[in-house]
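Participant: To start, I am sharing the structure in question, which I have written as structure tokens.
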Amino acid sequence: MPAGLRILAFVLALLGPGTALVAVAPAALAQEQAEEIDYARWEAVASRAEGVLEEMRASDVALEGLRAELADWRARFLAAQSVNQTRVDTLRSQLQALGPAPADGEMESPEIAARRADLEAQLARLEAPRLKAEEAYSRADGLIREIDTIIRERQARRLLTLGPSPLDPALWPKAWDIFTAFPVDVGKEIAAAWASDAQKRQMRDRLPEIIFYLVVALVLLLRGHRWMERLTGRYRRGTSAVARGFYGFLISLGQVALPVVGIYAFVQALFASGLLGFRGEIVAEALPVLGLGYFGARWLALRLFPADPDMPTPFRLPPGQGREARAHAALLGLLWGLERLLDNIISFERLSEEMDAALNFPLLLAGGVLLLRLGRLLHRCEPEEAAVEGATHEHDLRSRMVRAVGRILTALGIIAPLAGAVGYLSLATVVVYPTILTLGLLGLLVVIGGVLRDGYALVARISEEEARNALVPVLVNFTLFLASTPLFALIWGARVSDLTELWTRFLEGITIGDTRISPSDFLTFVAVFAVGYVLTRMVQATLRNSILPRTRIDPGGQNAIESGVGYLGIFLAAVIAITTAGIDLSSLAIVAGALSVGIGFGLQNIVSNFVSGIILLIERPISEGDWIEVGGQQGYVRDISVRSTRIETFDRTDVIVPNADLISGPVTNYTRGNLVGRAVIGVGVAYGTDTRKVEKILREIAQAHPMVSTDPPPGVHLVRFGADALEFEIRAILRDVNYVLSVRSDINHEIVRRFAEEGIEIPFAQRDIWLRNPEALRAVAEKPTEGDRNA
């Protein structure tokens with residue numbers, strides 16, 4: 001099946017009722033489906049499928065049809081597995097409430113025994129449909145897996161089968177005759193239809209319709225492209241670069257749409273004339289595909305390698321090579337359309353494998369040459385962002401990726417024609433044409449990524465450079481690339497059933513113990529948890545801005561209440577989300593217990609810090625704004641989180657302290673409870689100074705400072721007889737210990753001033769040097785040296 005048809009079938013499969021039923025079917029619908037399941041009919045279908053697989057003679061088309069039938073049955077069985085699940089859970093809870101069944105030899109109350117037997121009978125009766133559906137589901141799933149394995153093995157065998165070589169000269173004359181005879185046969189069909197009087201009357205009756213289609217086709221094909229170019233050029237004047245990029249993209253789509261609509265109108269005119277025979281219809285039906293391939297590739301090349309140097313471009317080619325790249329891309333699109341046409345002709349004429357090889361090889365050779373030349377151009381290409389000075393690592397990575405794509409194209413352009421020439425035509429075909437489609441899809445993703453970035457810049461009202469560095473366009477482009485992965489898979493030969501199988505497995509979810517977690521359960525959990533998280537943040541904001549400021553609770557207590565409400569709200573949101581999603585955590589208890597051992601060893605420090613953070617919020621030995629000292633670091637507490645505490649030092653640097661250190665180690669809190677603190681200021685005076693006078697002066701200085709508390713009054717003490725001075729200390733209680741440095745500085749300045757007025761000396765360290773035997777040193781200095789004697 002061609003890649004385009006596979007993509008269409010995949011989209012239809014995703015939108016089909018079976019998939020939607022598996023995704024969103026409620027319990028009532030599952031109950032209804034389970035009652036409608038005809039297991040006798042299923043047995044007949046399963047037996048027939050097993051017989052087909054044993055014989056191994058069915059074609060791929062027949063196997064695909066059988067697989068689709070089995071997949072439909074499997075979807076029914078999956079939905080039936082949830083029948084009576086709520087009632088089953090209730091019965092199990094009732095049995096658990098009765099306690100474990102008595103062991104052999106033990107007696108149980110007759111009422112309890114009767115009730116237990118009744119509940120077990122009800123449970124067995126309700127579980128019977130589910131168990132039957134599970135068995136049938138396993139059988140259908142196994143048959144589907146066997147069919148997938150057979151089809152994949154056949155595909156691999158066909159790719160590696162050596163066929164006739166198209167280089168055999170004996171094939172060329174017959175291939176040429178077929179190539180030239182087909183248009184002659186088309187002409188004969190048209191001439192035969194023209195000679196028919198009935199056909200002429202039909203043409204006369206539909207002549208206005210034919211003329212209308214022909215006029216539309218001629219106008220759009222001859223003038224449509226020029227109209228789009230004029231419209232694009234007119235819009236570029238007077239607009240910003242971002243607006244030109246976004247709206248220019250929308251307008252440029254007409255460069256593809258108008259010519260393709262013109263070709264379609266021409267085809268409708270041909271069909272309306274009634275002149276086409278079977279072969280003519282094959283050509284006419286292929287014309288829109290040819291037009292879409294050529295004009296689409298040409299438009300894409302113009303977006304990637306624009307002819308106008310003022311237009312934004314995602315890639316930059318050396319001067320003069322952009323035109324060559326555009327021509328190669330347009331020819332590759334045309335080549336893809338011609339291959340579709342040739343494939344239809346070969347199927348219609350029922351040509352042999354030898355003629356298939358001889359007719360397809362020229363297109364393969366042309367495709368290899370175009371890929372080779374385009375690969376060499378891309379190898380010399382670099383992204384626009386990487387061409388400017390100061391390119392980032394991201395741009396350098398993108399440049400390397402483009403060059404890597406160029407090298408791959410160069411290699412494939414050589415290998416594919418050689419493989420086809422040897423006789424591996426299927427392998428060469430699988431390499432060349434999917435590569436062309438892959439290049440087109442990659443280029444389209446690059447163009448759409450640029451358009452989305454420009455659209456984000458317009459909506460956010462930011463510049464193009466800011467949009468390039470924004471996170472939102474990157475996330476959107478990454479999501480777009482992930483969403484396109486099924487298209488890449490279909491291009492490279494993946495079957496629609498392969499992707500729908502992956503989608504089915506995804507919808508089934510994962511089974512852990514007796515619990516099945518499906519995507520719908522996960523989405524329910526995410527939605528409920530998100531609502532709970534938002535409500536928690538709203539309550540925190542209300543407490544922080546409206547309620548707590550009106551109370552007498554200190555800021556540290558307010559922060560503790562706010563944080564506690566946040567943790568409690570998130571915990572409740574998680575519990576409610578799990579309960580709403582229907583996830584049974586009891587079956588996960590053993591797994592969680594096993595994991596908790598490893599987590600306990602690996603994350604014990606983190607858990608310790610977490611518990612310490614909770615203790616800090618409850619006991620509140622420190623609060624935000626406190627001046628503390630821990631581990632040799634002093635500063636103000638700026639933030640207390642659940643794992644660590646941030647301290648801002650006096651150097652305006654942040655120190656992150658684990659909460660466990662604040663709980664297990666000594667912490668000095670200078671401002672806990674109040675701001676009162678003591679300042680100790682030392683000063684020395686010379687020996688011989690009146691100490692009582694010094695004591696009086698220092699006390700007057702301390703009492704005169706406004707920050708010094710008078711109750712208790714400051715004290716002045718002669719603390720020691722130092723080596724160079726009599727040492728005094730002022731010990732004063734400050735009203736706000738945060739100003740201890742400024743108070744110490746003010747008092748020191750005042751001490752210097754008052755001591756100078758009173759003539760009191762503040763000594764500094766002095767040393768007297770005594771020389772022993774100075775006469776010996778004088779004799780040595782007067783003794784003549786050897787140099788003096790020589791002189």
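Ordering of the structure tokens sets the chain letters (A, B, ...), residue numbers begin anew at 1 in every chain, and ligands are numbered from 1 in the order given.
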Output as a PyMOL selection string all residues of segment 537-740 of chain A that backbone DSSP marks as strand (DSSP E).

Facilitator: chain A and resi 627-630+633-640+644-649+654-658+667-669+677-685+715-721+726-734

Participant: Do you know which residues are at most 6 Å from Ser709 of chain A counting only C-alpha atoms, after dropping those on the same chain fewer than 5 positions away, and could you put them as an mmCIF file with C-alpha atoms, in the first residue's frame?

Facilitator:
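File produced: result.cif:
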data_model
loop_
_atom_site.group_PDB
_atom_site.id
_atom_site.type_symbol
_atom_site.label_atom_id
_atom_site.label_comp_id
_atom_site.auth_asym_id
_atom_site.auth_seq_id
_atom_site.Cartn_x
_atom_site.Cartn_y
_atom_site.Cartn_z
ATOM 1 C CA ILE A 733 22.450 45.642 75.922
ATOM 2 C CA LEU A 734 21.140 46.906 72.577
ATOM 3 C CA ARG A 735 17.511 47.438 71.734
#

Participant: Mind checking which residues fall within 8 Å of Arg298 of chain A, counting only C-alpha atoms, ignoring those fewer than 4 positions away in the same chain, and posting them as a VMD selection string?

Facilitator: chain A and resid 294 302 326 to 327 329 to 330 333

Participant: Put those residues in a file: all heavy atoms, as an mmCIF file, in the first residue's frame.

Facilitator:
data_model
loop_
_atom_site.group_PDB
_atom_site.id
_atom_site.type_symbol
_atom_site.label_atom_id
_atom_site.label_comp_id
_atom_site.auth_asym_id
_atom_site.auth_seq_id
_atom_site.Cartn_x
_atom_site.Cartn_y
_atom_site.Cartn_z
ATOM 1 N N TYR A 294 4.624 17.872 -7.437
ATOM 2 C CA TYR A 294 5.513 18.888 -8.031
ATOM 3 C C TYR A 294 5.346 20.243 -7.355
ATOM 4 O O TYR A 294 6.319 20.840 -6.884
ATOM 5 C CB TYR A 294 5.233 19.008 -9.525
ATOM 6 C CG TYR A 294 6.003 20.124 -10.187
ATOM 7 C CD1 TYR A 294 7.352 19.974 -10.465
ATOM 8 C CD2 TYR A 294 5.390 21.330 -10.504
ATOM 9 C CE1 TYR A 294 8.072 21.007 -11.058
ATOM 10 C CE2 TYR A 294 6.100 22.358 -11.095
ATOM 11 C CZ TYR A 294 7.440 22.192 -11.364
ATOM 12 O OH TYR A 294 8.152 23.209 -11.942
ATOM 13 N N LEU A 302 10.817 26.580 -1.916
ATOM 14 C CA LEU A 302 10.835 28.041 -1.856
ATOM 15 C C LEU A 302 10.805 28.542 -0.412
ATOM 16 O O LEU A 302 11.348 29.602 -0.116
ATOM 17 C CB LEU A 302 9.638 28.610 -2.626
ATOM 18 C CG LEU A 302 9.763 28.610 -4.160
ATOM 19 C CD1 LEU A 302 8.438 29.007 -4.797
ATOM 20 C CD2 LEU A 302 10.873 29.553 -4.612
ATOM 21 N N ARG A 326 16.241 24.222 -5.195
ATOM 22 C CA ARG A 326 14.814 24.288 -5.484
ATOM 23 C C ARG A 326 14.443 23.407 -6.662
ATOM 24 O O ARG A 326 13.409 22.732 -6.654
ATOM 25 C CB ARG A 326 14.404 25.739 -5.748
ATOM 26 C CG ARG A 326 14.510 26.636 -4.522
ATOM 27 C CD ARG A 326 13.844 27.980 -4.777
ATOM 28 N NE ARG A 326 14.535 28.737 -5.823
ATOM 29 C CZ ARG A 326 15.544 29.569 -5.597
ATOM 30 N NH1 ARG A 326 15.994 29.741 -4.349
ATOM 31 N NH2 ARG A 326 16.106 30.238 -6.576
ATOM 32 N N ALA A 327 15.286 23.394 -7.687
ATOM 33 C CA ALA A 327 15.014 22.549 -8.853
ATOM 34 C C ALA A 327 15.065 21.072 -8.498
ATOM 35 O O ALA A 327 14.199 20.283 -8.909
ATOM 36 C CB ALA A 327 16.023 22.868 -9.958
ATOM 37 N N ALA A 329 14.510 19.713 -5.564
ATOM 38 C CA ALA A 329 13.362 19.367 -4.726
ATOM 39 C C ALA A 329 12.095 19.228 -5.564
ATOM 40 O O ALA A 329 11.304 18.288 -5.366
ATOM 41 C CB ALA A 329 13.175 20.434 -3.640
ATOM 42 N N ALA A 330 11.862 20.155 -6.514
ATOM 43 C CA ALA A 330 10.668 20.062 -7.368
ATOM 44 C C ALA A 330 10.700 18.797 -8.219
ATOM 45 O O ALA A 330 9.672 18.117 -8.391
ATOM 46 C CB ALA A 330 10.571 21.300 -8.247
ATOM 47 N N GLY A 333 9.710 15.790 -6.132
ATOM 48 C CA GLY A 333 8.260 15.696 -5.980
ATOM 49 C C GLY A 333 7.587 15.166 -7.223
ATOM 50 O O GLY A 333 6.672 14.328 -7.157
#

Participant: Env of segment 638-645 of chain A: 10 Å cut, atoms = only C-alpha atoms, seq-sep filter 6 positions within chain, self excluded. Answer as a PyMOL selection string.

Facilitator: chain A and resi 556+559-560+563-564+567+605-617+622-627+654-662

Participant: Filtering to N, CA, C and O atoms, could you give me those residues as a tab-separated table (two decimals), in the first residue's frame?

Facilitator:
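Saved result, selection.tsv, follows:
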chain	number	residue	atom	x	y	z
A	556	GLY	N	7.05	34.47	60.87
A	556	GLY	CA	7.49	33.08	60.81
A	556	GLY	C	6.35	32.11	60.97
A	556	GLY	O	6.27	31.09	60.27
A	559	ASN	N	4.27	32.03	57.78
A	559	ASN	CA	4.91	31.21	56.75
A	559	ASN	C	4.74	29.72	57.04
A	559	ASN	O	4.51	28.92	56.13
A	560	ALA	N	4.82	29.34	58.33
A	560	ALA	CA	4.65	27.93	58.69
A	560	ALA	C	3.23	27.46	58.37
A	560	ALA	O	3.01	26.36	57.85
A	563	SER	N	2.85	27.15	54.52
A	563	SER	CA	3.53	25.97	53.99
A	563	SER	C	2.81	24.69	54.40
A	563	SER	O	2.65	23.76	53.60
A	564	GLY	N	2.36	24.61	55.65
A	564	GLY	CA	1.64	23.42	56.09
A	564	GLY	C	0.36	23.20	55.31
A	564	GLY	O	0.04	22.06	54.94
A	567	TYR	N	1.38	21.73	51.87
A	567	TYR	CA	1.72	20.30	51.89
A	567	TYR	C	0.48	19.44	52.12
A	567	TYR	O	0.30	18.39	51.48
A	605	ASN	N	19.02	10.55	53.08
A	605	ASN	CA	19.36	11.94	53.40
A	605	ASN	C	18.23	12.89	53.01
A	605	ASN	O	17.91	13.84	53.74
A	606	ILE	N	17.64	12.63	51.84
A	606	ILE	CA	16.54	13.49	51.40
A	606	ILE	C	15.35	13.35	52.33
A	606	ILE	O	14.70	14.34	52.70
A	607	VAL	N	15.03	12.10	52.72
A	607	VAL	CA	13.92	11.89	53.64
A	607	VAL	C	14.21	12.55	54.99
A	607	VAL	O	13.33	13.16	55.61
A	608	SER	N	15.46	12.45	55.44
A	608	SER	CA	15.83	13.10	56.69
A	608	SER	C	15.65	14.61	56.62
A	608	SER	O	15.12	15.23	57.54
A	609	ASN	N	16.06	15.20	55.51
A	609	ASN	CA	15.88	16.65	55.34
A	609	ASN	C	14.41	17.01	55.26
A	609	ASN	O	13.99	18.06	55.77
A	610	PHE	N	13.61	16.15	54.60
A	610	PHE	CA	12.18	16.42	54.50
A	610	PHE	C	11.52	16.42	55.88
A	610	PHE	O	10.76	17.33	56.22
A	611	VAL	N	11.81	15.38	56.68
A	611	VAL	CA	11.24	15.32	58.03
A	611	VAL	C	11.72	16.49	58.87
A	611	VAL	O	10.97	17.09	59.64
A	612	SER	N	12.99	16.85	58.73
A	612	SER	CA	13.52	18.00	59.47
A	612	SER	C	12.81	19.28	59.07
A	612	SER	O	12.57	20.16	59.91
A	613	GLY	N	12.49	19.41	57.76
A	613	GLY	CA	11.74	20.59	57.34
A	613	GLY	C	10.37	20.67	57.97
A	613	GLY	O	9.91	21.75	58.37
A	614	ILE	N	9.69	19.51	58.10
A	614	ILE	CA	8.39	19.51	58.77
A	614	ILE	C	8.55	19.91	60.23
A	614	ILE	O	7.74	20.68	60.78
A	615	ILE	N	9.58	19.40	60.89
A	615	ILE	CA	9.83	19.75	62.30
A	615	ILE	C	10.10	21.26	62.44
A	615	ILE	O	9.62	21.91	63.38
A	616	LEU	N	10.87	21.81	61.52
A	616	LEU	CA	11.15	23.25	61.57
A	616	LEU	C	9.87	24.06	61.45
A	616	LEU	O	9.70	25.09	62.11
A	617	LEU	N	8.96	23.61	60.58
A	617	LEU	CA	7.71	24.36	60.40
A	617	LEU	C	6.80	24.23	61.61
A	617	LEU	O	6.01	25.14	61.91
A	622	ILE	N	13.55	28.45	64.21
A	622	ILE	CA	13.99	29.60	63.42
A	622	ILE	C	12.84	30.01	62.52
A	622	ILE	O	11.96	29.20	62.20
A	623	SER	N	12.84	31.25	62.12
A	623	SER	CA	11.82	31.78	61.23
A	623	SER	C	12.48	32.65	60.18
A	623	SER	O	13.65	33.06	60.33
A	624	GLU	N	11.73	32.96	59.16
A	624	GLU	CA	12.25	33.84	58.13
A	624	GLU	C	12.55	35.22	58.73
A	624	GLU	O	11.73	35.78	59.47
A	625	GLY	N	13.72	35.75	58.40
A	625	GLY	CA	14.14	37.04	58.94
A	625	GLY	C	15.03	36.93	60.16
A	625	GLY	O	15.60	37.94	60.59
A	626	ASP	N	15.16	35.73	60.76
A	626	ASP	CA	16.02	35.55	61.93
A	626	ASP	C	17.49	35.64	61.53
A	626	ASP	O	17.89	35.21	60.44
A	627	TRP	N	18.27	36.18	62.45
A	627	TRP	CA	19.73	36.21	62.28
A	627	TRP	C	20.28	35.01	63.04
A	627	TRP	O	20.17	34.93	64.26
A	654	ASP	N	24.06	33.64	49.14
A	654	ASP	CA	23.10	32.68	49.66
A	654	ASP	C	23.81	31.39	50.03
A	654	ASP	O	24.60	30.84	49.25
A	655	VAL	N	23.50	30.89	51.20
A	655	VAL	CA	24.02	29.60	51.68
A	655	VAL	C	22.83	28.67	51.86
A	655	VAL	O	21.89	29.00	52.59
A	656	ILE	N	22.86	27.53	51.17
A	656	ILE	CA	21.79	26.54	51.27
A	656	ILE	C	22.20	25.52	52.32
A	656	ILE	O	23.18	24.79	52.15
A	657	VAL	N	21.44	25.47	53.40
A	657	VAL	CA	21.75	24.58	54.52
A	657	VAL	C	20.69	23.48	54.57
A	657	VAL	O	19.49	23.78	54.63
A	658	PRO	N	21.07	22.20	54.53
A	658	PRO	CA	20.08	21.12	54.68
A	658	PRO	C	19.36	21.23	56.02
A	658	PRO	O	19.96	21.59	57.04
A	659	ASN	N	18.09	20.94	56.01
A	659	ASN	CA	17.30	21.08	57.23
A	659	ASN	C	17.78	20.16	58.34
A	659	ASN	O	17.61	20.47	59.52
A	660	ALA	N	18.35	19.00	57.96
A	660	ALA	CA	18.85	18.09	58.99
A	660	ALA	C	19.95	18.73	59.82
A	660	ALA	O	20.07	18.46	61.03
A	661	ASP	N	20.77	19.60	59.22
A	661	ASP	CA	21.82	20.28	59.97
A	661	ASP	C	21.24	21.25	60.99
A	661	ASP	O	21.83	21.48	62.06
A	662	LEU	N	20.10	21.84	60.69
A	662	LEU	CA	19.47	22.77	61.62
A	662	LEU	C	18.81	22.05	62.79
A	662	LEU	O	18.59	22.66	63.84

Participant: Rounded to one decimal in Å, what is the spacing between atom CA of Gly423 of chain A and atom CA of Ala62 of chain A?

Facilitator: 28.1 Å

Participant: Mind pulling up the distance from atom CA of Arg453 of chain A to atom CA of Pro473 of chain A?

Facilitator: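 It comes out at 5.4 Å.
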
Participant: Quick one: residues within 9 Å of segment 694-705 of chain A, only C-alpha atoms, excluding same-chain residues fewer than 6 positions away - as a list in words?

Facilitator: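 The contact residues come out as Val685, Pro713, Pro714, Gly715, Val716, His717, Leu718, Phe728, Glu729, Ile730, Arg731, Ala732, Val743, Asp746, Ile747, Glu750, Ile751, Arg754, Phe755 and Ile760 of chain A.
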
Participant: Within 12 Å of Gly65 of chain A, counting only C-alpha atoms, which residues qualify if same-chain residues fewer than 4 places away don't, as a ChimeraX atom specification?

Facilitator: /A:49,58-61,69-72,144,147-148,497

Participant: What does the file look like for those residues with C-alpha atoms, as a tab-separated table (two decimals), in the first residue's frame?

Facilitator:
chain	number	residue	atom	x	y	z
A	49	ALA	CA	-8.28	-18.03	11.74
A	58	ALA	CA	-3.51	-16.70	2.47
A	59	SER	CA	-2.35	-13.48	0.84
A	60	ASP	CA	-1.34	-10.40	2.78
A	61	VAL	CA	-4.64	-8.71	1.91
A	69	GLU	CA	-11.94	-8.92	12.26
A	70	LEU	CA	-9.94	-10.38	15.13
A	71	ALA	CA	-9.04	-6.91	16.40
A	72	ASP	CA	-12.74	-6.02	16.52
A	144	ILE	CA	-3.27	-11.23	15.97
A	147	ILE	CA	-0.66	-12.72	11.77
A	148	ASP	CA	1.61	-9.73	12.41
A	497	SER	CA	-2.44	-2.31	11.79

Participant: Which of these, A:Ala117, A:Leu341, A:Ile628, A:Ala686, has the shortest distance to Val667 of chain A once you count only C-alpha atoms?

Facilitator: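 Counting only C-alpha atoms, the residue closest to Val667 of chain A is A:Ile628.
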
Participant: Quick check for you: according to DSSP on this backbone, which residues of segment 32-229 of chain A are classed as alpha helix (DSSP H)? Reply as JSON, numbers by chain.

Facilitator: {"A": [32, 33, 34, 35, 36, 39, 40, 41, 42, 43, 44, 45, 46, 47, 48, 49, 50, 51, 52, 53, 54, 55, 60, 61, 62, 63, 64, 65, 66, 67, 68, 69, 70, 71, 72, 73, 74, 75, 76, 77, 78, 79, 80, 85, 86, 87, 88, 89, 90, 91, 92, 93, 94, 95, 96, 97, 98, 110, 111, 112, 113, 114, 115, 116, 117, 118, 119, 120, 121, 122, 123, 124, 125, 126, 127, 128, 129, 130, 131, 132, 133, 134, 135, 136, 137, 138, 139, 140, 141, 142, 143, 144, 145, 146, 147, 148, 149, 150, 151, 152, 153, 154, 155, 156, 157, 158, 159, 172, 173, 174, 175, 176, 177, 178, 179, 180, 181, 182, 183, 184, 185, 186, 187, 188, 189, 190, 191, 192, 193, 194, 197, 198, 199, 200, 201, 202, 203, 204, 205, 207, 208, 209, 210, 211, 212, 213, 214, 215, 216, 217, 218, 219, 220, 221, 222, 223, 224, 225, 226, 227, 228, 229]}
